[in-house]
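Asker: Please read through the structure below; I'll follow up with questions.
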Amino acid sequence: MPGFEVFGKEEKKEISDVLETGILFRYGFDKERNGNYKVAEFEKRFADMCGTSYALAVSSGSAALRVAMAALGVSPGDEVITQGFTFIATWEAIIESGATPVFTEVDDTLCMEPADLERKITERTKAIIPVHMIGAQANIKEIMTIANRHNIPVMEDTAQASGGKLGGQHLGTFGALGIFSFDPVKTMTTGEGGMIITNDKNIYLNCSAFHDHGHEHLPNVERGLDNRRFMGFNFRMMELQGAIGLAQLAKLPSIIQEQKKNKKIIKQVLEKIGGINFRRILDQDGDTATFLAFFLPDGEKARRFNQILKKNNVGAIYYKDNTWHFYPNWDELFTGTTLFKSGWPFKNTVSGADLMYEKDALSGTEAIFERLLVYPISIKMPGDHLAAMIKTIESAGKEVC
Ligand SMILES: *Cc1c(COP(=O)(O)O)cnc(C)c1O
């Protein structure tokens with residue numbers, strides 16, 4: 001799963017280029033930086049990999065979502081539709097933008113259910129954020145068809161699927177823009193970091209200015225002597241992160257290749273157990289193999305199966321109980337818990353109505369998650385660990401299925 005597993009001499013070499021000059025900032029210092037523009041180079045290579053015209057590196061995946069929404073003009077009074085299975089950062093970023101998150105069901109792709117998306121579009125819908133969850137594709141083509149019919153821009157949250165594809169095309173390039181995360185547990189990591197990719201020059205220029213206090217970043221004008229296009233904030237990436245990103249990006253194909261090998265070994269064992277099914281993956285070749293998601297026949301069996309796995313130290317993730325990724329467990333949403341006495345952002349919204357959510361609003365997603373177990377796949381899985389996993393899975397299968 002995470003790129004930190006392969007952190008090595010390549011990353012150290014890139015970092016030492018930066019440390020030798022002491023220039024840690026991505027802009028300016030042209031004389032002192034000895035030709036090192038690590039963040040800019042990282043952006044260029046990332047865009048090249050994805051086949052897009054523009055890439056902007058930012059301080060995190062959450063920042064990428066926030067900046068991208070600003071670039072699309074999302075603001076208080078708007079609704080943004082995302083799915084009820086995602087990392088909380090997706091809905092936090094919508095709330096940080098002042099907009100109202102609207103949640104769809106997921107289907108057996110574990111990503112946005114297109115039919116439910118269509119039902120949830122209103123005249124206030126300003127953007128749609130499908131999330132390519134746990135390493136593989138959302139049904140992005142169908143989602144694009146619906147979004148285009150309503151003329152609403154799509155932001156692909158590709159935080160968990162760097163390097164993933166659908167029909168040979170990189171995830172993050174189907175919509176108006178795509179965002180990525182390089183946090184410590186993502187497929188490639190810069191410790192903290194994120195990226196926004198787009199083919200739209202206007203969106204890129206908006207992102208670039210918004211992420212740096214409104215600076216225009218003109219080629220021949222010193223930063224600071226330029227005009228401020230509008231109010232922004234600071235979501236910049238620093239040179240050390242760009243340096244690490246360059247080394248990690250070069251390793252991404254081999255990371256995915258190793259994960260595919262390990263995933264296949266474990267999947268073959270599960271396939272032999274009657275009653276176990278797998279998450280629907282729209283394009284196996286384009287899977288990043290960061291996770292292996294499988295279904296037991298019912299919830300009771302899923303829990304029992306995982307109890308046996310856990311007892312033998314090879315437990316899977318039961319997302320139904322996970323408080324970070326699964327809608328019914330996001331208690332702040334239902335209780336309106338916030339740091340602020342005023343109740344903002346749940347109260348005093350621009351629309352005049354409080355934000356209100358029901359825990360049981362996504363019964364379809366809940367039914368799917370009842371039966372779901374997920375293994376994170378590592379790049380390095382030592383033979384003895386794999387052997388222990390296989391043995392335990394086989395005996396759990398005999399006992400439960
Ligand atoms: C990790 C993640 C983010 C946020 O990225 P950070 O770099 O941790 O801020 C956003 N969306 C999803 C789906 C994620 O998994």
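Residues in the structure tokens are named by chain (A, B, ... in the order shown) and by number from 1 within that chain; ligands are numbered from 1 in the order shown.
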Check which residues of chain A sit at most 10 Å from ligand 1 using only C-alpha atoms and all ligand atoms, and return one row each with the closest pair of atoms and their distance in Å to one decimal, ordered by chain and rising number, as JSON lines.
Answerer:
{"residue": "A:Val58", "atom": "CA", "partner": "ligand 1", "partner_atom_place_in_ligand_line": "7 (O)", "distance": 9.3}
{"residue": "A:Ser59", "atom": "CA", "partner": "ligand 1", "partner_atom_place_in_ligand_line": "7 (O)", "distance": 7.6}
{"residue": "A:Ser60", "atom": "CA", "partner": "ligand 1", "partner_atom_place_in_ligand_line": "7 (O)", "distance": 3.9}
{"residue": "A:Gly61", "atom": "CA", "partner": "ligand 1", "partner_atom_place_in_ligand_line": "5 (O)", "distance": 3.4}
{"residue": "A:Ser62", "atom": "CA", "partner": "ligand 1", "partner_atom_place_in_ligand_line": "9 (O)", "distance": 3.7}
{"residue": "A:Ala63", "atom": "CA", "partner": "ligand 1", "partner_atom_place_in_ligand_line": "9 (O)", "distance": 6.4}
{"residue": "A:Ala64", "atom": "CA", "partner": "ligand 1", "partner_atom_place_in_ligand_line": "9 (O)", "distance": 7.9}
{"residue": "A:Leu65", "atom": "CA", "partner": "ligand 1", "partner_atom_place_in_ligand_line": "10 (C)", "distance": 7.3}
{"residue": "A:Arg66", "atom": "CA", "partner": "ligand 1", "partner_atom_place_in_ligand_line": "9 (O)", "distance": 10.0}
{"residue": "A:Phe85", "atom": "CA", "partner": "ligand 1", "partner_atom_place_in_ligand_line": "13 (C)", "distance": 8.6}
{"residue": "A:Thr86", "atom": "CA", "partner": "ligand 1", "partner_atom_place_in_ligand_line": "13 (C)", "distance": 5.0}
{"residue": "A:Phe87", "atom": "CA", "partner": "ligand 1", "partner_atom_place_in_ligand_line": "13 (C)", "distance": 4.6}
{"residue": "A:Ile88", "atom": "CA", "partner": "ligand 1", "partner_atom_place_in_ligand_line": "11 (N)", "distance": 7.1}
{"residue": "A:Ala89", "atom": "CA", "partner": "ligand 1", "partner_atom_place_in_ligand_line": "10 (C)", "distance": 4.8}
{"residue": "A:Thr90", "atom": "CA", "partner": "ligand 1", "partner_atom_place_in_ligand_line": "11 (N)", "distance": 5.1}
{"residue": "A:Trp91", "atom": "CA", "partner": "ligand 1", "partner_atom_place_in_ligand_line": "11 (N)", "distance": 8.8}
{"residue": "A:Glu92", "atom": "CA", "partner": "ligand 1", "partner_atom_place_in_ligand_line": "10 (C)", "distance": 9.3}
{"residue": "A:Ala93", "atom": "CA", "partner": "ligand 1", "partner_atom_place_in_ligand_line": "10 (C)", "distance": 8.6}
{"residue": "A:Ile129", "atom": "CA", "partner": "ligand 1", "partner_atom_place_in_ligand_line": "11 (N)", "distance": 10.0}
{"residue": "A:Pro130", "atom": "CA", "partner": "ligand 1", "partner_atom_place_in_ligand_line": "13 (C)", "distance": 9.3}
{"residue": "A:Val131", "atom": "CA", "partner": "ligand 1", "partner_atom_place_in_ligand_line": "13 (C)", "distance": 6.0}
{"residue": "A:His132", "atom": "CA", "partner": "ligand 1", "partner_atom_place_in_ligand_line": "13 (C)", "distance": 7.3}
{"residue": "A:Met133", "atom": "CA", "partner": "ligand 1", "partner_atom_place_in_ligand_line": "13 (C)", "distance": 6.2}
{"residue": "A:Ile134", "atom": "CA", "partner": "ligand 1", "partner_atom_place_in_ligand_line": "15 (O)", "distance": 7.8}
{"residue": "A:Gly135", "atom": "CA", "partner": "ligand 1", "partner_atom_place_in_ligand_line": "15 (O)", "distance": 9.6}
{"residue": "A:Glu156", "atom": "CA", "partner": "ligand 1", "partner_atom_place_in_ligand_line": "13 (C)", "distance": 9.6}
{"residue": "A:Asp157", "atom": "CA", "partner": "ligand 1", "partner_atom_place_in_ligand_line": "11 (N)", "distance": 5.9}
{"residue": "A:Thr158", "atom": "CA", "partner": "ligand 1", "partner_atom_place_in_ligand_line": "13 (C)", "distance": 6.7}
{"residue": "A:Ala159", "atom": "CA", "partner": "ligand 1", "partner_atom_place_in_ligand_line": "12 (C)", "distance": 4.7}
{"residue": "A:Gln160", "atom": "CA", "partner": "ligand 1", "partner_atom_place_in_ligand_line": "15 (O)", "distance": 5.0}
{"residue": "A:Ala161", "atom": "CA", "partner": "ligand 1", "partner_atom_place_in_ligand_line": "15 (O)", "distance": 8.8}
{"residue": "A:Ile179", "atom": "CA", "partner": "ligand 1", "partner_atom_place_in_ligand_line": "10 (C)", "distance": 8.2}
{"residue": "A:Phe180", "atom": "CA", "partner": "ligand 1", "partner_atom_place_in_ligand_line": "5 (O)", "distance": 7.2}
{"residue": "A:Ser181", "atom": "CA", "partner": "ligand 1", "partner_atom_place_in_ligand_line": "7 (O)", "distance": 4.2}
{"residue": "A:Phe182", "atom": "CA", "partner": "ligand 1", "partner_atom_place_in_ligand_line": "7 (O)", "distance": 5.5}
{"residue": "A:Asp183", "atom": "CA", "partner": "ligand 1", "partner_atom_place_in_ligand_line": "7 (O)", "distance": 4.4}
{"residue": "A:Pro184", "atom": "CA", "partner": "ligand 1", "partner_atom_place_in_ligand_line": "8 (O)", "distance": 7.8}
{"residue": "A:Val185", "atom": "CA", "partner": "ligand 1", "partner_atom_place_in_ligand_line": "1 (C)", "distance": 7.8}
{"residue": "A:Lys186", "atom": "CA", "partner": "ligand 1", "partner_atom_place_in_ligand_line": "1 (C)", "distance": 6.9}
{"residue": "A:Thr189", "atom": "CA", "partner": "ligand 1", "partner_atom_place_in_ligand_line": "7 (O)", "distance": 9.0}
{"residue": "A:Thr190", "atom": "CA", "partner": "ligand 1", "partner_atom_place_in_ligand_line": "7 (O)", "distance": 9.3}
{"residue": "A:Gly191", "atom": "CA", "partner": "ligand 1", "partner_atom_place_in_ligand_line": "7 (O)", "distance": 8.6}
{"residue": "A:Glu192", "atom": "CA", "partner": "ligand 1", "partner_atom_place_in_ligand_line": "7 (O)", "distance": 5.9}
{"residue": "A:Gly193", "atom": "CA", "partner": "ligand 1", "partner_atom_place_in_ligand_line": "7 (O)", "distance": 5.6}
{"residue": "A:Gly194", "atom": "CA", "partner": "ligand 1", "partner_atom_place_in_ligand_line": "7 (O)", "distance": 5.7}
{"residue": "A:Met195", "atom": "CA", "partner": "ligand 1", "partner_atom_place_in_ligand_line": "7 (O)", "distance": 9.2}
{"residue": "A:Trp324", "atom": "CA", "partner": "ligand 1", "partner_atom_place_in_ligand_line": "15 (O)", "distance": 9.7}
{"residue": "A:His325", "atom": "CA", "partner": "ligand 1", "partner_atom_place_in_ligand_line": "13 (C)", "distance": 8.4}
Asker: Export, as a short mmCIF file (atom, residue, chain, number, x, y, z; two decimals), in the first residue's frame, the selected residues with N, CA and C atoms.
Answerer:
data_model
loop_
_atom_site.label_atom_id
_atom_site.label_comp_id
_atom_site.auth_asym_id
_atom_site.auth_seq_id
_atom_site.Cartn_x
_atom_site.Cartn_y
_atom_site.Cartn_z
N VAL A 58 0.28 20.92 -4.22
CA VAL A 58 -0.20 21.66 -3.05
C VAL A 58 0.21 20.92 -1.78
N SER A 59 -0.16 21.49 -0.63
CA SER A 59 0.38 20.99 0.64
C SER A 59 -0.25 19.68 1.12
N SER A 60 -1.40 19.30 0.61
CA SER A 60 -2.03 18.02 0.99
C SER A 60 -3.15 17.70 0.01
N GLY A 61 -3.69 16.49 0.12
CA GLY A 61 -4.85 16.13 -0.69
C GLY A 61 -6.07 16.95 -0.28
N SER A 62 -6.18 17.21 1.03
CA SER A 62 -7.29 18.04 1.52
C SER A 62 -7.20 19.44 0.92
N ALA A 63 -5.97 19.98 0.89
CA ALA A 63 -5.75 21.30 0.28
C ALA A 63 -6.12 21.26 -1.20
N ALA A 64 -5.78 20.17 -1.87
CA ALA A 64 -6.10 20.05 -3.30
C ALA A 64 -7.60 20.16 -3.52
N LEU A 65 -8.37 19.48 -2.66
CA LEU A 65 -9.84 19.55 -2.77
C LEU A 65 -10.32 20.98 -2.53
N ARG A 66 -9.78 21.62 -1.50
CA ARG A 66 -10.21 22.99 -1.14
C ARG A 66 -9.89 23.98 -2.27
N PHE A 85 -19.03 6.81 1.15
CA PHE A 85 -17.81 6.07 1.49
C PHE A 85 -16.65 6.83 0.88
N THR A 86 -15.93 7.56 1.73
CA THR A 86 -14.74 8.29 1.32
C THR A 86 -14.02 8.67 2.59
N PHE A 87 -12.78 9.11 2.49
CA PHE A 87 -12.12 9.64 3.68
C PHE A 87 -12.80 10.97 4.03
N ILE A 88 -12.96 11.26 5.33
CA ILE A 88 -13.70 12.46 5.74
C ILE A 88 -13.17 13.75 5.12
N ALA A 89 -11.92 13.74 4.65
CA ALA A 89 -11.35 14.95 4.04
C ALA A 89 -12.24 15.48 2.91
N THR A 90 -12.91 14.58 2.18
CA THR A 90 -13.72 15.02 1.05
C THR A 90 -14.87 15.91 1.54
N TRP A 91 -15.57 15.44 2.59
CA TRP A 91 -16.68 16.29 3.07
C TRP A 91 -16.19 17.48 3.88
N GLU A 92 -15.07 17.31 4.58
CA GLU A 92 -14.50 18.47 5.30
C GLU A 92 -14.17 19.59 4.32
N ALA A 93 -13.60 19.24 3.17
CA ALA A 93 -13.21 20.26 2.18
C ALA A 93 -14.43 20.98 1.63
N ILE A 129 -18.20 15.25 -6.82
CA ILE A 129 -16.89 14.65 -6.49
C ILE A 129 -17.02 13.14 -6.33
N PRO A 130 -16.88 12.38 -7.42
CA PRO A 130 -16.78 10.93 -7.26
C PRO A 130 -15.38 10.61 -6.72
N VAL A 131 -15.29 9.59 -5.91
CA VAL A 131 -14.01 9.21 -5.30
C VAL A 131 -13.62 7.83 -5.80
N HIS A 132 -12.43 7.72 -6.38
CA HIS A 132 -11.91 6.41 -6.80
C HIS A 132 -11.37 5.72 -5.55
N MET A 133 -12.28 5.07 -4.81
CA MET A 133 -11.90 4.58 -3.48
C MET A 133 -11.05 3.33 -3.53
N ILE A 134 -10.27 3.19 -2.50
CA ILE A 134 -9.37 2.07 -2.23
C ILE A 134 -8.79 1.46 -3.53
N GLY A 135 -8.16 2.34 -4.29
CA GLY A 135 -7.26 1.90 -5.35
C GLY A 135 -7.83 1.68 -6.73
N GLU A 156 -12.56 14.69 -9.78
CA GLU A 156 -12.30 13.30 -9.38
C GLU A 156 -11.36 13.27 -8.18
N ASP A 157 -11.84 12.76 -7.06
CA ASP A 157 -10.98 12.56 -5.90
C ASP A 157 -10.22 11.26 -6.12
N THR A 158 -8.98 11.41 -6.59
CA THR A 158 -8.14 10.27 -6.93
C THR A 158 -7.06 10.06 -5.87
N ALA A 159 -7.34 10.58 -4.65
CA ALA A 159 -6.36 10.51 -3.55
C ALA A 159 -5.87 9.09 -3.30
N GLN A 160 -6.76 8.12 -3.51
CA GLN A 160 -6.39 6.73 -3.20
C GLN A 160 -6.07 5.91 -4.45
N ALA A 161 -5.86 6.58 -5.58
CA ALA A 161 -5.65 5.79 -6.81
C ALA A 161 -4.62 6.43 -7.74
N ILE A 179 -7.84 15.34 -8.32
CA ILE A 179 -6.96 15.66 -7.19
C ILE A 179 -6.34 14.37 -6.65
N PHE A 180 -5.13 14.54 -6.07
CA PHE A 180 -4.36 13.39 -5.54
C PHE A 180 -3.83 13.74 -4.16
N SER A 181 -3.54 12.70 -3.37
CA SER A 181 -2.92 12.89 -2.06
C SER A 181 -1.64 12.06 -1.98
N PHE A 182 -0.64 12.64 -1.32
CA PHE A 182 0.62 11.91 -1.09
C PHE A 182 0.90 11.84 0.40
N ASP A 183 -0.16 11.64 1.20
CA ASP A 183 0.03 11.55 2.65
C ASP A 183 0.73 10.24 2.99
N PRO A 184 1.06 10.02 4.28
CA PRO A 184 1.97 8.90 4.60
C PRO A 184 1.45 7.51 4.26
N VAL A 185 0.14 7.33 4.09
CA VAL A 185 -0.35 5.98 3.80
C VAL A 185 -0.84 5.82 2.36
N LYS A 186 -0.55 6.78 1.51
CA LYS A 186 -1.00 6.67 0.12
C LYS A 186 0.04 5.91 -0.73
N THR A 189 4.12 8.69 -1.61
CA THR A 189 4.01 9.66 -0.52
C THR A 189 5.12 10.70 -0.57
N THR A 190 4.76 11.91 -0.12
CA THR A 190 5.77 12.95 0.10
C THR A 190 5.69 13.40 1.57
N GLY A 191 5.15 12.54 2.43
CA GLY A 191 4.94 12.89 3.83
C GLY A 191 3.64 13.64 3.99
N GLU A 192 3.58 14.83 3.43
CA GLU A 192 2.34 15.58 3.22
C GLU A 192 2.43 16.11 1.79
N GLY A 193 1.30 16.14 1.11
CA GLY A 193 1.34 16.71 -0.23
C GLY A 193 0.12 16.31 -1.04
N GLY A 194 -0.13 17.07 -2.08
CA GLY A 194 -1.24 16.76 -2.96
C GLY A 194 -1.00 17.35 -4.34
N MET A 195 -1.87 17.01 -5.29
CA MET A 195 -1.72 17.49 -6.67
C MET A 195 -3.10 17.71 -7.27
N TRP A 324 -13.60 6.73 10.13
CA TRP A 324 -12.99 7.76 9.27
C TRP A 324 -13.50 7.76 7.84
N HIS A 325 -14.10 6.68 7.41
CA HIS A 325 -14.42 6.53 5.98
C HIS A 325 -15.89 6.27 5.65
#
Asker: Contacts of A:Leu110 at 12 Å or less, counting only C-alpha atoms, minus same-chain residues fewer than 5 places along, as number ranges by chain?
Answerer: A: 83-86, 104-105, 130-139, 278-282, 291-295, 319, 325-326, 364-369, 372-374
Asker: Filtering to C-alpha atoms, could you give me those residues as a short mmCIF file (atom, residue, chain, number, x, y, z; two decimals), in the first residue's frame?
Answerer:
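Writing done, so here's result-v7.cif:
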data_model
loop_
_atom_site.label_atom_id
_atom_site.label_comp_id
_atom_site.auth_asym_id
_atom_site.auth_seq_id
_atom_site.Cartn_x
_atom_site.Cartn_y
_atom_site.Cartn_z
CA GLN A 83 -20.35 9.61 -1.84
CA GLY A 84 -20.98 8.17 1.63
CA PHE A 85 -17.81 6.07 1.49
CA THR A 86 -14.74 8.29 1.32
CA THR A 104 -24.84 9.41 -2.56
CA GLU A 105 -24.92 5.68 -2.09
CA PRO A 130 -16.78 10.93 -7.26
CA VAL A 131 -14.01 9.21 -5.30
CA HIS A 132 -11.91 6.41 -6.80
CA MET A 133 -11.90 4.58 -3.48
CA ILE A 134 -9.37 2.07 -2.23
CA GLY A 135 -7.26 1.90 -5.35
CA ALA A 136 -9.70 1.36 -8.22
CA GLN A 137 -12.11 3.06 -10.59
CA ALA A 138 -15.40 4.75 -9.90
CA ASN A 139 -17.91 4.31 -12.72
CA PHE A 278 -15.23 -9.56 -4.88
CA ARG A 279 -15.66 -5.85 -5.33
CA ARG A 280 -16.59 -5.05 -8.95
CA ILE A 281 -13.49 -3.66 -10.65
CA LEU A 282 -14.25 -2.01 -13.98
CA PHE A 291 -6.54 -3.00 -1.56
CA LEU A 292 -8.37 -6.30 -1.94
CA ALA A 293 -12.07 -5.98 -1.14
CA PHE A 294 -14.30 -9.03 -0.78
CA PHE A 295 -17.82 -9.89 0.37
CA TYR A 319 -15.21 -0.49 7.17
CA HIS A 325 -14.42 6.53 5.98
CA PHE A 326 -18.05 5.49 6.40
CA GLY A 364 -27.90 0.65 0.22
CA THR A 365 -24.35 1.49 1.20
CA GLU A 366 -24.95 0.09 4.69
CA ALA A 367 -26.16 -3.23 3.28
CA ILE A 368 -23.04 -3.50 1.11
CA PHE A 369 -20.70 -2.63 3.97
CA LEU A 372 -17.47 -6.27 3.23
CA LEU A 373 -13.93 -7.07 4.34
CA VAL A 374 -10.87 -5.28 2.92
#
Asker: Give me every alpha helix (DSSP H) residue in stretch 106-331 of chain A, going by DSSP on the backbone, as a PyMOL selection string.
Answerer: chain A and resi 114-120+140-150+201-210+239-271+299-311+331
Asker: Within 8 Å of A:Val314, counting only C-alpha atoms, which residues qualify if same-chain residues fewer than 6 places away don't, as a list in words?
Answerer: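 Listed by chain and then number, they are Ala388, Met389 and Thr392 of chain A.
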Asker: Run DSSP on the backbone and give me the residues of stretch 201-308 of chain A it puts in strand (DSSP E), as a PyMOL selection string.
Answerer: chain A and resi 277-278+291-295
Asker: I want to know what sits within 6 Å of A:Phe233, based on only C-alpha atoms, with residues of the same chain fewer than 4 positions away left out; could you give that as an MDAnalysis selection string?
Answerer: chainID A and resid 211:213
Asker: Separation of atom CA of A:Lys272 and atom CA of A:Leu386, in Å?
Answerer: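 Calculated distance between atom CA of A:Lys272 and atom CA of A:Leu386 is 16.4 Å.
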Asker: Pick from A:Met381, A:Ala247, A:Ile308, A:Ile317: nearest to A:Val400, with only C-alpha atoms counted?
Answerer: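 Among the listed residues, A:Ile308 lies closest to A:Val400.
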Asker: For A:Pro345, list every protein, DNA or RNA residue within 10 Å, evaluated using only C-alpha atoms, and leave out those in the same chain fewer than 3 positions away; present the list as number ranges by chain.
Answerer: A: 95-96, 98-100, 336-340, 342, 348-350, 354-355
Asker: Interatomic distance between atom CA of A:Asp283 and atom CA of A:Gly168?
Answerer: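 Separation of atom CA of A:Asp283 and atom CA of A:Gly168: 9.0 Å.
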Asker: Find the residues around stretch 257-263 of chain A up to 7 Å (only C-alpha atoms counted), leave out those fewer than 5 positions away in its own chain, and share them as JSON, numbers by chain.
Answerer: {"A": [289, 290, 292, 377, 378, 379]}
Asker: With N, CA and C atoms retained, export the selected residues as a JSON list (two decimals), in the first residue's frame.
Answerer:
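Wrote out.json, looks like this:
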[["chain", "number", "residue", "atom", "x", "y", "z"],
["A", 289, "ALA", "N", -4.18, -2.00, -7.23],
["A", 289, "ALA", "CA", -3.98, -3.16, -6.34],
["A", 289, "ALA", "C", -3.52, -2.74, -4.94],
["A", 290, "THR", "N", -4.00, -1.60, -4.50],
["A", 290, "THR", "CA", -3.65, -1.11, -3.17],
["A", 290, "THR", "C", -4.48, -1.79, -2.10],
["A", 292, "LEU", "N", -7.59, -5.17, -1.45],
["A", 292, "LEU", "CA", -8.37, -6.30, -1.94],
["A", 292, "LEU", "C", -9.66, -6.33, -1.14],
["A", 377, "ILE", "N", -3.07, -3.96, 0.72],
["A", 377, "ILE", "CA", -1.98, -4.75, 0.12],
["A", 377, "ILE", "C", -0.68, -3.97, 0.25],
["A", 378, "SER", "N", 0.35, -4.63, 0.77],
["A", 378, "SER", "CA", 1.65, -3.98, 0.90],
["A", 378, "SER", "C", 2.50, -4.25, -0.33],
["A", 379, "ILE", "N", 3.53, -3.40, -0.48],
["A", 379, "ILE", "CA", 4.50, -3.62, -1.56],
["A", 379, "ILE", "C", 5.36, -4.82, -1.20]]
